[in-house]
file protein-v4.tsv (TSV, C-alpha atoms (C1' of nucleotides))
chain	number	residue	atom	x	y	z
A	1	MET	CA	0.63	10.73	6.96
A	2	THR	CA	2.97	7.89	6.05
A	3	SER	CA	0.62	5.90	3.89
A	4	ASN	CA	-0.38	5.47	0.30
A	5	PRO	CA	-2.55	8.30	-1.02
A	6	ARG	CA	-4.61	6.21	-3.37
A	7	ARG	CA	-8.19	5.33	-2.38
A	8	GLY	CA	-9.67	5.63	-5.83
A	9	PRO	CA	-10.62	6.14	-8.53
A	10	TYR	CA	-10.98	2.46	-9.30
A	11	ILE	CA	-11.27	0.51	-12.52
A	12	CYS	CA	-13.42	-2.25	-11.02
A	13	GLY	CA	-14.51	-3.81	-7.74
A	14	ILE	CA	-11.46	-6.02	-7.32
A	15	ASP	CA	-9.30	-2.97	-7.84
A	16	ALA	CA	-11.16	-1.15	-5.05
A	17	ALA	CA	-10.91	-4.13	-2.70
A	18	MET	CA	-7.23	-4.76	-3.39
A	19	ASP	CA	-6.41	-1.15	-2.62
A	20	VAL	CA	-7.59	-1.78	0.93
A	21	VAL	CA	-6.06	-5.24	1.33
A	22	THR	CA	-2.66	-4.51	-0.19
A	23	GLY	CA	0.03	-4.43	2.45
A	24	LYS	CA	2.11	-7.38	3.48
A	25	TRP	CA	0.22	-8.14	6.71
A	26	LYS	CA	-3.25	-6.69	6.23
A	27	SER	CA	-5.11	-9.84	5.29
A	28	LEU	CA	-3.41	-11.63	8.19
A	29	ILE	CA	-4.48	-8.88	10.58
A	30	LEU	CA	-8.07	-9.33	9.39
A	31	TRP	CA	-7.78	-13.04	9.93
A	32	GLU	CA	-6.33	-12.64	13.40
A	33	LEU	CA	-8.96	-10.13	14.50
A	34	ASP	CA	-11.76	-12.25	13.10
A	35	ASN	CA	-10.54	-15.33	14.92
A	36	HIS	CA	-10.15	-13.68	18.32
A	37	GLY	CA	-12.79	-10.96	18.12
A	38	THR	CA	-10.58	-8.50	19.96
A	39	ARG	CA	-6.83	-8.27	20.24
A	40	ARG	CA	-4.34	-6.03	22.01
A	41	PHE	CA	-1.37	-4.57	20.15
A	42	GLY	CA	1.06	-7.00	21.73
A	43	GLU	CA	-1.17	-9.98	21.07
A	44	LEU	CA	-1.36	-9.05	17.40
A	45	LYS	CA	2.39	-8.70	17.26
A	46	ARG	CA	2.90	-12.14	18.76
A	47	GLY	CA	0.23	-13.57	16.45
A	48	LEU	CA	2.05	-12.29	13.36
A	49	PRO	CA	5.59	-13.68	13.62
A	50	GLY	CA	8.05	-11.48	11.78
A	51	VAL	CA	6.05	-8.26	11.66
A	52	SER	CA	7.78	-5.12	12.87
A	53	GLU	CA	6.06	-2.72	15.24
A	54	LYS	CA	6.33	-0.02	12.60
A	55	MET	CA	4.52	-2.00	9.90
A	56	LEU	CA	1.92	-3.30	12.33
A	57	ILE	CA	0.92	0.13	13.59
A	58	GLN	CA	1.07	1.59	10.08
A	59	HIS	CA	-1.24	-1.06	8.68
A	60	LEU	CA	-3.60	-0.77	11.64
A	61	ARG	CA	-3.84	2.99	11.17
A	62	GLU	CA	-4.59	2.65	7.47
A	63	MET	CA	-7.20	-0.02	8.14
A	64	GLU	CA	-8.73	2.23	10.77
A	65	GLN	CA	-8.91	5.07	8.27
A	66	ASP	CA	-10.45	2.72	5.74
A	67	GLY	CA	-13.15	1.83	8.25
A	68	LEU	CA	-12.13	-1.80	8.64
A	69	VAL	CA	-10.75	-1.73	12.16
A	70	HIS	CA	-11.90	-0.16	15.40
A	71	ARG	CA	-9.32	1.08	17.90
A	72	GLU	CA	-10.30	1.32	21.55
A	73	VAL	CA	-7.92	3.01	23.97
A	74	TYR	CA	-8.12	2.30	27.69
A	75	ARG	CA	-6.36	5.00	29.67
A	76	GLU	CA	-4.72	2.79	32.23
A	77	VAL	CA	-1.23	2.16	33.53
A	78	PRO	CA	0.21	0.27	31.80
A	79	PRO	CA	-1.66	1.45	28.69
A	80	ARG	CA	-4.04	-0.93	26.93
A	81	VAL	CA	-5.30	-0.66	23.36
A	82	GLU	CA	-7.70	-3.12	21.82
A	83	TYR	CA	-8.34	-3.65	18.14
A	84	SER	CA	-11.42	-5.25	16.61
A	85	LEU	CA	-13.15	-5.52	13.26
A	86	THR	CA	-15.86	-3.09	12.25
A	87	GLU	CA	-18.89	-4.17	10.27
A	88	HIS	CA	-17.05	-3.42	7.03
A	89	GLY	CA	-14.00	-5.31	8.22
A	90	THR	CA	-16.13	-8.34	8.97
A	91	THR	CA	-17.82	-8.34	5.57
A	92	LEU	CA	-14.45	-7.90	3.88
A	93	ASN	CA	-13.14	-10.90	5.77
A	94	ASP	CA	-16.17	-12.90	4.63
A	95	ALA	CA	-15.50	-11.84	1.05
A	96	LEU	CA	-11.92	-13.07	1.41
A	97	ARG	CA	-12.91	-16.54	2.57
A	98	PRO	CA	-13.28	-18.14	-0.90
A	99	LEU	CA	-9.91	-16.72	-1.85
A	100	GLY	CA	-8.40	-18.24	1.28
A	101	ALA	CA	-9.92	-21.60	0.44
A	102	TRP	CA	-8.46	-21.40	-3.06
A	103	GLY	CA	-5.05	-20.56	-1.61
A	104	THR	CA	-5.20	-23.49	0.76
A	105	LYS	CA	-5.87	-25.86	-2.13
A	106	ARG	CA	-3.02	-24.32	-4.05
A	107	SER	CA	-0.69	-24.83	-1.10
A	108	GLN	CA	-1.68	-28.48	-0.88
A	109	ARG	CA	-1.12	-28.91	-4.58
A	110	LEU	CA	2.34	-27.35	-4.34
A	111	ALA	CA	3.19	-29.53	-1.35
A	112	ALA	CA	2.08	-32.63	-3.25
A	113	GLU	CA	4.24	-31.71	-6.25
A	114	HIS	CA	7.20	-31.09	-3.99
A	115	GLU	CA	6.58	-34.49	-2.44
A	116	LEU	CA	7.08	-36.18	-5.80
A	117	VAL	CA	10.48	-34.50	-6.18
A	118	SER	CA	11.94	-35.14	-2.73
N	119	MET	CA	14.07	-14.36	-14.19
N	120	THR	CA	12.86	-10.86	-13.33
N	121	SER	CA	10.15	-11.82	-10.91
N	122	ASN	CA	9.57	-12.40	-7.24
N	123	PRO	CA	11.10	-15.64	-5.99
N	124	ARG	CA	8.54	-16.27	-3.29
N	125	ARG	CA	5.93	-18.99	-3.91
N	126	GLY	CA	5.85	-20.27	-0.37
N	127	PRO	CA	6.06	-21.18	2.39
N	128	TYR	CA	2.75	-19.67	3.37
N	129	ILE	CA	1.20	-18.79	6.70
N	130	CYS	CA	-2.36	-19.39	5.56
N	131	GLY	CA	-4.57	-19.74	2.49
N	132	ILE	CA	-5.06	-16.03	1.91
N	133	ASP	CA	-1.31	-15.61	2.05
N	134	ALA	CA	-0.88	-18.27	-0.64
N	135	ALA	CA	-3.56	-16.74	-2.84
N	136	MET	CA	-2.30	-13.19	-2.47
N	137	ASP	CA	1.18	-14.27	-3.53
N	138	VAL	CA	-0.27	-15.19	-6.89
N	139	VAL	CA	-2.59	-12.21	-7.28
N	140	THR	CA	-0.20	-9.49	-6.11
N	141	GLY	CA	0.94	-7.34	-9.00
N	142	LYS	CA	-0.69	-4.14	-10.12
N	143	TRP	CA	-2.52	-5.61	-13.10
N	144	LYS	CA	-2.91	-9.31	-12.36
N	145	SER	CA	-6.47	-9.33	-11.11
N	146	LEU	CA	-7.46	-7.17	-14.06
N	147	ILE	CA	-5.79	-9.60	-16.46
N	148	LEU	CA	-7.80	-12.43	-14.91
N	149	TRP	CA	-10.96	-10.39	-15.30
N	150	GLU	CA	-10.18	-9.54	-18.92
N	151	LEU	CA	-9.36	-13.13	-19.87
N	152	ASP	CA	-12.45	-14.43	-18.11
N	153	ASN	CA	-14.70	-11.98	-19.92
N	154	HIS	CA	-13.36	-12.66	-23.39
N	155	GLY	CA	-12.24	-16.27	-23.07
N	156	THR	CA	-9.20	-15.68	-25.22
N	157	ARG	CA	-7.19	-12.55	-25.90
N	158	ARG	CA	-4.20	-11.59	-27.97
N	159	PHE	CA	-1.32	-9.63	-26.48
N	160	GLY	CA	-2.37	-6.40	-28.17
N	161	GLU	CA	-5.99	-6.85	-27.20
N	162	LEU	CA	-5.00	-7.24	-23.56
N	163	LYS	CA	-2.87	-4.14	-23.79
N	164	ARG	CA	-5.73	-2.11	-25.18
N	165	GLY	CA	-8.07	-3.57	-22.57
N	166	LEU	CA	-5.82	-2.42	-19.73
N	167	PRO	CA	-5.36	1.31	-20.28
N	168	GLY	CA	-2.11	2.48	-18.77
N	169	VAL	CA	-0.26	-0.82	-18.60
N	170	SER	CA	3.23	-0.93	-20.09
N	171	GLU	CA	4.30	-3.76	-22.36
N	172	LYS	CA	7.00	-4.66	-19.88
N	173	MET	CA	4.61	-5.11	-16.96
N	174	LEU	CA	2.02	-6.88	-19.08
N	175	ILE	CA	4.43	-9.51	-20.36
N	176	GLN	CA	6.06	-9.85	-16.95
N	177	HIS	CA	2.75	-10.48	-15.23
N	178	LEU	CA	1.61	-12.86	-17.95
N	179	ARG	CA	4.81	-14.90	-17.62
N	180	GLU	CA	4.45	-15.15	-13.86
N	181	MET	CA	0.82	-16.16	-14.16
N	182	GLU	CA	1.81	-18.75	-16.74
N	183	GLN	CA	4.40	-20.15	-14.37
N	184	ASP	CA	1.82	-20.19	-11.60
N	185	GLY	CA	-0.47	-22.25	-13.79
N	186	LEU	CA	-3.17	-19.59	-14.11
N	187	VAL	CA	-2.73	-18.66	-17.75
N	188	HIS	CA	-2.21	-20.65	-20.92
N	189	ARG	CA	-0.08	-19.17	-23.70
N	190	GLU	CA	-0.65	-20.36	-27.23
N	191	VAL	CA	1.77	-19.30	-29.96
N	192	TYR	CA	0.73	-19.37	-33.62
N	193	ARG	CA	3.78	-19.32	-35.87
N	194	GLU	CA	2.48	-16.95	-38.49
N	195	VAL	CA	3.54	-13.69	-40.07
N	196	PRO	CA	2.76	-11.39	-38.40
N	197	PRO	CA	3.10	-13.40	-35.18
N	198	ARG	CA	0.02	-14.15	-33.10
N	199	VAL	CA	-0.08	-15.14	-29.44
N	200	GLU	CA	-3.26	-15.91	-27.57
N	201	TYR	CA	-3.73	-16.00	-23.83
N	202	SER	CA	-6.49	-17.77	-21.95
N	203	LEU	CA	-7.28	-18.95	-18.43
N	204	THR	CA	-6.41	-22.43	-17.28
N	205	GLU	CA	-8.65	-24.41	-14.97
N	206	HIS	CA	-6.82	-22.98	-11.97
N	207	GLY	CA	-7.09	-19.46	-13.35
N	208	THR	CA	-10.82	-19.87	-13.74
N	209	THR	CA	-11.34	-21.14	-10.20
N	210	LEU	CA	-9.16	-18.33	-8.87
N	211	ASN	CA	-11.30	-15.83	-10.71
N	212	ASP	CA	-14.41	-17.40	-9.20
N	213	ALA	CA	-12.84	-17.14	-5.75
N	214	LEU	CA	-12.18	-13.45	-6.38
N	215	ARG	CA	-15.79	-12.66	-7.24
N	216	PRO	CA	-17.04	-12.00	-3.68
N	217	LEU	CA	-14.08	-9.72	-3.12
N	218	GLY	CA	-14.95	-7.83	-6.28
N	219	ALA	CA	-18.54	-7.45	-5.11
N	220	TRP	CA	-17.32	-6.10	-1.78
N	221	GLY	CA	-15.08	-3.62	-3.57
N	222	THR	CA	-17.92	-2.43	-5.74
N	223	LYS	CA	-20.04	-1.71	-2.68
N	224	ARG	CA	-17.14	0.12	-1.10
N	225	SER	CA	-16.73	2.24	-4.23
N	226	GLN	CA	-20.39	3.15	-4.15
N	227	ARG	CA	-20.15	4.05	-0.48
N	228	LEU	CA	-17.16	6.30	-1.13
N	229	ALA	CA	-18.93	7.94	-4.05
N	230	ALA	CA	-21.98	8.58	-1.89
N	231	GLU	CA	-19.86	10.17	0.83
N	232	HIS	CA	-18.13	12.34	-1.71
N	233	GLU	CA	-21.53	13.37	-3.00
N	234	LEU	CA	-22.45	14.79	0.41
N	235	VAL	CA	-19.34	16.97	0.35
N	236	SER	CA	-19.58	18.40	-3.15
D	237	DC	C1'	2.68	-7.98	-33.85
D	238	DA	C1'	4.68	-9.42	-29.83
D	239	DG	C1'	7.91	-8.95	-27.45
D	240	DC	C1'	13.22	-7.94	-25.17
D	241	DA	C1'	16.86	-4.78	-23.01
D	242	DT	C1'	18.09	-0.81	-20.13
D	243	DC	C1'	17.95	2.78	-17.20
D	244	DC	C1'	15.76	5.06	-13.46
D	245	DC	C1'	12.71	6.30	-9.59
D	246	DC	C1'	9.93	5.78	-5.78
D	247	DC	C1'	8.17	3.84	-1.81
D	248	DA	C1'	6.79	-0.31	0.94
D	249	DA	C1'	9.08	-2.54	4.19
D	250	DG	C1'	13.10	-3.65	7.35
D	251	DA	C1'	16.40	-2.22	11.13
D	252	DT	C1'	17.50	0.36	15.00
D	253	DA	C1'	16.91	3.39	18.76
D	254	DC	C1'	14.05	6.10	21.82
D	255	DT	C1'	9.51	7.55	24.82
D	256	DG	C1'	4.85	8.69	27.45
Y	257	DC	C1'	2.70	-1.63	27.09
Y	258	DA	C1'	2.07	0.72	22.99
Y	259	DG	C1'	3.75	3.15	20.41
Y	260	DT	C1'	7.44	7.30	17.60
Y	261	DA	C1'	11.34	8.81	14.88
Y	262	DT	C1'	14.85	8.21	11.55
Y	263	DC	C1'	17.70	5.97	8.28
Y	264	DT	C1'	18.30	2.60	4.73
Y	265	DT	C1'	17.24	-0.62	0.98
Y	266	DG	C1'	15.18	-3.95	-2.25
Y	267	DG	C1'	12.61	-4.44	-6.07
Y	268	DG	C1'	8.11	-3.30	-8.26
Y	269	DG	C1'	6.97	-0.60	-11.71
Y	270	DG	C1'	7.44	3.36	-15.30
Y	271	DA	C1'	9.75	5.23	-19.69
Y	272	DT	C1'	12.19	4.66	-23.71
Y	273	DG	C1'	14.30	2.40	-27.53
Y	274	DC	C1'	15.27	-1.80	-30.30
Y	275	DT	C1'	14.14	-6.54	-32.81
Y	276	DG	C1'	12.60	-11.27	-35.00

call {"tool": "encode", "arguments": {"input": "protein-v4.tsv", "output": "structure tokens"}}
result
Amino acid sequence: MTSNPRRGPYICGIDAAMDVVTGKWKSLILWELDNHGTRRFGELKRGLPGVSEKMLIQHLREMEQDGLVHREVYREVPPRVEYSLTEHGTTLNDALRPLGAWGTKRSQRLAAEHELVS
Amino acid sequence: MTSNPRRGPYICGIDAAMDVVTGKWKSLILWELDNHGTRRFGELKRGLPGVSEKMLIQHLREMEQDGLVHREVYREVPPRVEYSLTEHGTTLNDALRPLGAWGTKRSQRLAAEHELVS
DNA sequence: CAGCATCCCCCAAGATACTG
DNA sequence: CAGTATCTTGGGGGATGCTG
């Protein structure tokens, strides 16, 4: 296993949630899967500009282990693999929505400040 | 400056919020300040078992720069410094609450599973 | 009391190349 | 298409010691 051997014990709820969300692309993967319902590996890669195949697969595997993501393999040629959110993944994404809204406001505030300078 | 020179540009709101929350103890600092309203440096340190002085001050400085935390210095002997949440820090903490609730449920689920094993 | 200065380690993440 | 395998590195974070 390549990944972080943490998964508890946790000091509080946020701690437990962050453990699962930490990883440069994880929250974006959640977002992408929630928007499209189901995505193939290549679609995810194109949807996350800058991600490497290594990090993408690594994050997906961890999220699968954490019960957030479902991985469906279709034995075809060429191979097809589809990723989707599980129930837990969906509720996590819902729980992240207020944080996303806060971040959006913060972005706008920063942009406005930068506007005053330039 | 010791810290991460990111602060944008961001792909989405969650990205922008995570940039500010990322750091091993930051969400716990928010939690601690929100619970007590105001805390001295030493109180924070005692409230976060395991944190080093270096990381605590580093995180506090970054959060101050990000407009989440207010730092009030009282020029006394011995010196006294009090930290509290700003308006933005408070709203961020509010936005984190659903995530904390999700994490708590996840913890309970993990504990229950572990119960079945032992 | 509330920090600052250093040194050090580990691992998340990037880059590159190859495969069923 | 959907991955593996391997090497490398940046910097987050720990430990220790010192100071106004």

call {"tool": "atom_distance", "arguments": {"input": "protein-v4.tsv", "atom1": "CA of His177 in chain N", "atom2": "CA of Trp143 in chain N"}}
result
7.5 Å

call {"tool": "residues_around", "arguments": {"input": "protein-v4.tsv", "residues": "Ala134 in chain N", "least_positions_apart": "4", "cutoff": "9 Å", "atoms": "all atoms listed in the file", "output": "PyMOL selection string"}}
result
(chain A and resi 100+102-104+106-107) or (chain N and resi 125-130+138)

call {"tool": "closest_residue", "arguments": {"input": "protein-v4.tsv", "among": "A:Asn35, A:Ser52, A:Thr90, A:Ser27", "to": "chain Y", "atoms": "all atoms listed in the file"}}
result
A:Ser52

call {"tool": "interface_residues", "arguments": {"input": "protein-v4.tsv", "of": "chain Y", "to": "chain N", "cutoff": "9 Å", "atoms": "all atoms listed in the file", "output": "PyMOL selection string"}}
result
chain Y and resi 267-271

call {"tool": "calpha_fit_and_write", "arguments": {"input": "protein-v4.tsv", "fixed": "chain N", "moving": "chain A", "output": "PDB file with C-alpha atoms, in the coordinates of the input"}}
result
ATOM      1  CA  MET A   1      14.104 -14.560 -14.270  1.00  0.00           C
ATOM      2  CA  THR A   2      12.849 -11.080 -13.444  1.00  0.00           C
ATOM      3  CA  SER A   3      10.174 -12.021 -10.974  1.00  0.00           C
ATOM      4  CA  ASN A   4       9.638 -12.471  -7.289  1.00  0.00           C
ATOM      5  CA  PRO A   5      11.168 -15.669  -5.912  1.00  0.00           C
ATOM      6  CA  ARG A   6       8.563 -16.299  -3.276  1.00  0.00           C
ATOM      7  CA  ARG A   7       5.973 -19.038  -3.876  1.00  0.00           C
ATOM      8  CA  GLY A   8       5.828 -20.271  -0.321  1.00  0.00           C
ATOM      9  CA  PRO A   9       6.054 -21.190   2.428  1.00  0.00           C
ATOM     10  CA  TYR A  10       2.747 -19.653   3.412  1.00  0.00           C
ATOM     11  CA  ILE A  11       1.200 -18.762   6.739  1.00  0.00           C
ATOM     12  CA  CYS A  12      -2.378 -19.365   5.590  1.00  0.00           C
ATOM     13  CA  GLY A  13      -4.559 -19.739   2.511  1.00  0.00           C
ATOM     14  CA  ILE A  14      -5.042 -16.027   1.915  1.00  0.00           C
ATOM     15  CA  ASP A  15      -1.294 -15.614   2.074  1.00  0.00           C
ATOM     16  CA  ALA A  16      -0.864 -18.287  -0.615  1.00  0.00           C
ATOM     17  CA  ALA A  17      -3.547 -16.745  -2.826  1.00  0.00           C
ATOM     18  CA  MET A  18      -2.249 -13.196  -2.457  1.00  0.00           C
ATOM     19  CA  ASP A  19       1.219 -14.298  -3.481  1.00  0.00           C
ATOM     20  CA  VAL A  20      -0.221 -15.222  -6.867  1.00  0.00           C
ATOM     21  CA  VAL A  21      -2.525 -12.218  -7.237  1.00  0.00           C
ATOM     22  CA  THR A  22      -0.105  -9.531  -6.085  1.00  0.00           C
ATOM     23  CA  GLY A  23       1.030  -7.385  -8.968  1.00  0.00           C
ATOM     24  CA  LYS A  24      -0.621  -4.189 -10.042  1.00  0.00           C
ATOM     25  CA  TRP A  25      -2.490  -5.648 -13.036  1.00  0.00           C
ATOM     26  CA  LYS A  26      -2.867  -9.348 -12.302  1.00  0.00           C
ATOM     27  CA  SER A  27      -6.424  -9.366 -11.033  1.00  0.00           C
ATOM     28  CA  LEU A  28      -7.419  -7.179 -13.988  1.00  0.00           C
ATOM     29  CA  ILE A  29      -5.760  -9.597 -16.401  1.00  0.00           C
ATOM     30  CA  LEU A  30      -7.785 -12.429 -14.854  1.00  0.00           C
ATOM     31  CA  TRP A  31     -10.921 -10.388 -15.233  1.00  0.00           C
ATOM     32  CA  GLU A  32     -10.182  -9.526 -18.840  1.00  0.00           C
ATOM     33  CA  LEU A  33      -9.373 -13.108 -19.810  1.00  0.00           C
ATOM     34  CA  ASP A  34     -12.448 -14.421 -18.047  1.00  0.00           C
ATOM     35  CA  ASN A  35     -14.700 -11.956 -19.817  1.00  0.00           C
ATOM     36  CA  HIS A  36     -13.382 -12.624 -23.317  1.00  0.00           C
ATOM     37  CA  GLY A  37     -12.277 -16.242 -23.005  1.00  0.00           C
ATOM     38  CA  THR A  38      -9.232 -15.633 -25.167  1.00  0.00           C
ATOM     39  CA  ARG A  39      -7.239 -12.502 -25.812  1.00  0.00           C
ATOM     40  CA  ARG A  40      -4.243 -11.538 -27.921  1.00  0.00           C
ATOM     41  CA  PHE A  41      -1.366  -9.563 -26.426  1.00  0.00           C
ATOM     42  CA  GLY A  42      -2.444  -6.351 -28.106  1.00  0.00           C
ATOM     43  CA  GLU A  43      -6.059  -6.790 -27.089  1.00  0.00           C
ATOM     44  CA  LEU A  44      -5.011  -7.197 -23.469  1.00  0.00           C
ATOM     45  CA  LYS A  45      -2.876  -4.100 -23.703  1.00  0.00           C
ATOM     46  CA  ARG A  46      -5.757  -2.057 -25.070  1.00  0.00           C
ATOM     47  CA  GLY A  47      -8.087  -3.543 -22.448  1.00  0.00           C
ATOM     48  CA  LEU A  48      -5.813  -2.408 -19.613  1.00  0.00           C
ATOM     49  CA  PRO A  49      -5.330   1.336 -20.137  1.00  0.00           C
ATOM     50  CA  GLY A  50      -2.058   2.504 -18.651  1.00  0.00           C
ATOM     51  CA  VAL A  51      -0.215  -0.808 -18.504  1.00  0.00           C
ATOM     52  CA  SER A  52       3.247  -0.914 -20.029  1.00  0.00           C
ATOM     53  CA  GLU A  53       4.288  -3.724 -22.342  1.00  0.00           C
ATOM     54  CA  LYS A  54       7.005  -4.660 -19.878  1.00  0.00           C
ATOM     55  CA  MET A  55       4.649  -5.106 -16.923  1.00  0.00           C
ATOM     56  CA  LEU A  56       2.039  -6.870 -19.027  1.00  0.00           C
ATOM     57  CA  ILE A  57       4.425  -9.495 -20.357  1.00  0.00           C
ATOM     58  CA  GLN A  58       6.084  -9.877 -16.955  1.00  0.00           C
ATOM     59  CA  HIS A  59       2.785 -10.504 -15.211  1.00  0.00           C
ATOM     60  CA  LEU A  60       1.627 -12.871 -17.945  1.00  0.00           C
ATOM     61  CA  ARG A  61       4.824 -14.896 -17.643  1.00  0.00           C
ATOM     62  CA  GLU A  62       4.498 -15.166 -13.876  1.00  0.00           C
ATOM     63  CA  MET A  63       0.850 -16.165 -14.161  1.00  0.00           C
ATOM     64  CA  GLU A  64       1.829 -18.752 -16.744  1.00  0.00           C
ATOM     65  CA  GLN A  65       4.438 -20.156 -14.384  1.00  0.00           C
ATOM     66  CA  ASP A  66       1.875 -20.195 -11.604  1.00  0.00           C
ATOM     67  CA  GLY A  67      -0.434 -22.253 -13.799  1.00  0.00           C
ATOM     68  CA  LEU A  68      -3.133 -19.608 -14.101  1.00  0.00           C
ATOM     69  CA  VAL A  69      -2.721 -18.647 -17.735  1.00  0.00           C
ATOM     70  CA  HIS A  70      -2.204 -20.606 -20.926  1.00  0.00           C
ATOM     71  CA  ARG A  71      -0.100 -19.116 -23.719  1.00  0.00           C
ATOM     72  CA  GLU A  72      -0.695 -20.298 -27.267  1.00  0.00           C
ATOM     73  CA  VAL A  73       1.710 -19.199 -29.983  1.00  0.00           C
ATOM     74  CA  TYR A  74       0.660 -19.241 -33.627  1.00  0.00           C
ATOM     75  CA  ARG A  75       3.684 -19.150 -35.898  1.00  0.00           C
ATOM     76  CA  GLU A  76       2.325 -16.789 -38.488  1.00  0.00           C
ATOM     77  CA  VAL A  77       3.352 -13.521 -40.080  1.00  0.00           C
ATOM     78  CA  PRO A  78       2.561 -11.241 -38.402  1.00  0.00           C
ATOM     79  CA  PRO A  79       2.962 -13.265 -35.192  1.00  0.00           C
ATOM     80  CA  ARG A  80      -0.104 -14.065 -33.097  1.00  0.00           C
ATOM     81  CA  VAL A  81      -0.158 -15.085 -29.441  1.00  0.00           C
ATOM     82  CA  GLU A  82      -3.323 -15.876 -27.559  1.00  0.00           C
ATOM     83  CA  TYR A  83      -3.762 -15.958 -23.813  1.00  0.00           C
ATOM     84  CA  SER A  84      -6.509 -17.763 -21.920  1.00  0.00           C
ATOM     85  CA  LEU A  85      -7.281 -18.940 -18.411  1.00  0.00           C
ATOM     86  CA  THR A  86      -6.389 -22.429 -17.272  1.00  0.00           C
ATOM     87  CA  GLU A  87      -8.619 -24.419 -14.962  1.00  0.00           C
ATOM     88  CA  HIS A  88      -6.782 -22.998 -11.953  1.00  0.00           C
ATOM     89  CA  GLY A  89      -7.056 -19.488 -13.330  1.00  0.00           C
ATOM     90  CA  THR A  90     -10.792 -19.898 -13.722  1.00  0.00           C
ATOM     91  CA  THR A  91     -11.304 -21.170 -10.181  1.00  0.00           C
ATOM     92  CA  LEU A  92      -9.136 -18.357  -8.843  1.00  0.00           C
ATOM     93  CA  ASN A  93     -11.282 -15.857 -10.696  1.00  0.00           C
ATOM     94  CA  ASP A  94     -14.387 -17.444  -9.175  1.00  0.00           C
ATOM     95  CA  ALA A  95     -12.818 -17.173  -5.732  1.00  0.00           C
ATOM     96  CA  LEU A  96     -12.185 -13.478  -6.368  1.00  0.00           C
ATOM     97  CA  ARG A  97     -15.789 -12.704  -7.253  1.00  0.00           C
ATOM     98  CA  PRO A  98     -17.047 -12.039  -3.688  1.00  0.00           C
ATOM     99  CA  LEU A  99     -14.093  -9.750  -3.134  1.00  0.00           C
ATOM    100  CA  GLY A 100     -14.966  -7.874  -6.313  1.00  0.00           C
ATOM    101  CA  ALA A 101     -18.550  -7.499  -5.165  1.00  0.00           C
ATOM    102  CA  TRP A 102     -17.353  -6.124  -1.834  1.00  0.00           C
ATOM    103  CA  GLY A 103     -15.100  -3.655  -3.641  1.00  0.00           C
ATOM    104  CA  THR A 104     -17.936  -2.486  -5.836  1.00  0.00           C
ATOM    105  CA  LYS A 105     -20.062  -1.739  -2.780  1.00  0.00           C
ATOM    106  CA  ARG A 106     -17.168   0.096  -1.219  1.00  0.00           C
ATOM    107  CA  SER A 107     -16.748   2.201  -4.347  1.00  0.00           C
ATOM    108  CA  GLN A 108     -20.423   3.117  -4.289  1.00  0.00           C
ATOM    109  CA  ARG A 109     -20.192   4.030  -0.642  1.00  0.00           C
ATOM    110  CA  LEU A 110     -17.180   6.260  -1.287  1.00  0.00           C
ATOM    111  CA  ALA A 111     -18.934   7.894  -4.231  1.00  0.00           C
ATOM    112  CA  ALA A 112     -21.998   8.560  -2.081  1.00  0.00           C
ATOM    113  CA  GLU A 113     -19.880  10.161   0.651  1.00  0.00           C
ATOM    114  CA  HIS A 114     -18.110  12.300  -1.908  1.00  0.00           C
ATOM    115  CA  GLU A 115     -21.508  13.338  -3.220  1.00  0.00           C
ATOM    116  CA  LEU A 116     -22.433  14.797   0.158  1.00  0.00           C
ATOM    117  CA  VAL A 117     -19.289  16.951   0.129  1.00  0.00           C
ATOM    118  CA  SER A 118     -19.450  18.334  -3.407  1.00  0.00           C
TER     119      SER A 118
END

call {"tool": "residues_around", "arguments": {"input": "protein-v4.tsv", "residues": "Val81 in chain A", "least_positions_apart": "3", "cutoff": "6 Å", "atoms": "only C-alpha atoms (C1' of nucleotides)", "output": "list in words"}}
result
Arg40, Glu72, Val73 and Tyr74 of chain A

call {"tool": "interface_residues", "arguments": {"input": "protein-v4.tsv", "of": "chain D", "to": "chain N", "cutoff": "12 Å", "atoms": "all atoms listed in the file", "output": "VMD selection string"}}
result
chain D and resid 237 to 242

call {"tool": "closest_residue", "arguments": {"input": "protein-v4.tsv", "among": "A:Leu99, A:Leu60, A:Leu30, A:Ala111", "to": "chain N", "atoms": "all atoms listed in the file"}}
result
A:Leu99

call {"tool": "atom_distance", "arguments": {"input": "protein-v4.tsv", "atom1": "CA of Leu162 in chain N", "atom2": "CA of Leu174 in chain N"}}
result
8.3 Å

call {"tool": "atom_distance", "arguments": {"input": "protein-v4.tsv", "atom1": "C1' of DG259 in chain Y", "atom2": "CA of Leu28 in chain A"}}
result
20.5 Å

call {"tool": "closest_residue", "arguments": {"input": "protein-v4.tsv", "among": "N:Met181, N:Leu234, N:Ala213, N:Met136", "to": "chain A", "atoms": "only C-alpha atoms"}}
result
N:Ala213

call {"tool": "closest_residue", "arguments": {"input": "protein-v4.tsv", "among": "A:Val21, A:Val117, A:Val69, A:Ala101", "to": "chain N", "atoms": "only C-alpha atoms"}}
result
A:Ala101

call {"tool": "closest_residue", "arguments": {"input": "protein-v4.tsv", "among": "A:Asp94, A:Glu64, A:Asp34, A:Glu87", "to": "chain N", "atoms": "only C-alpha atoms"}}
result
A:Asp94

call {"tool": "closest_residue", "arguments": {"input": "protein-v4.tsv", "among": "N:Leu203, N:Leu214, N:Leu166, N:Ile147", "to": "chain A", "atoms": "all atoms listed in the file"}}
result
N:Leu214
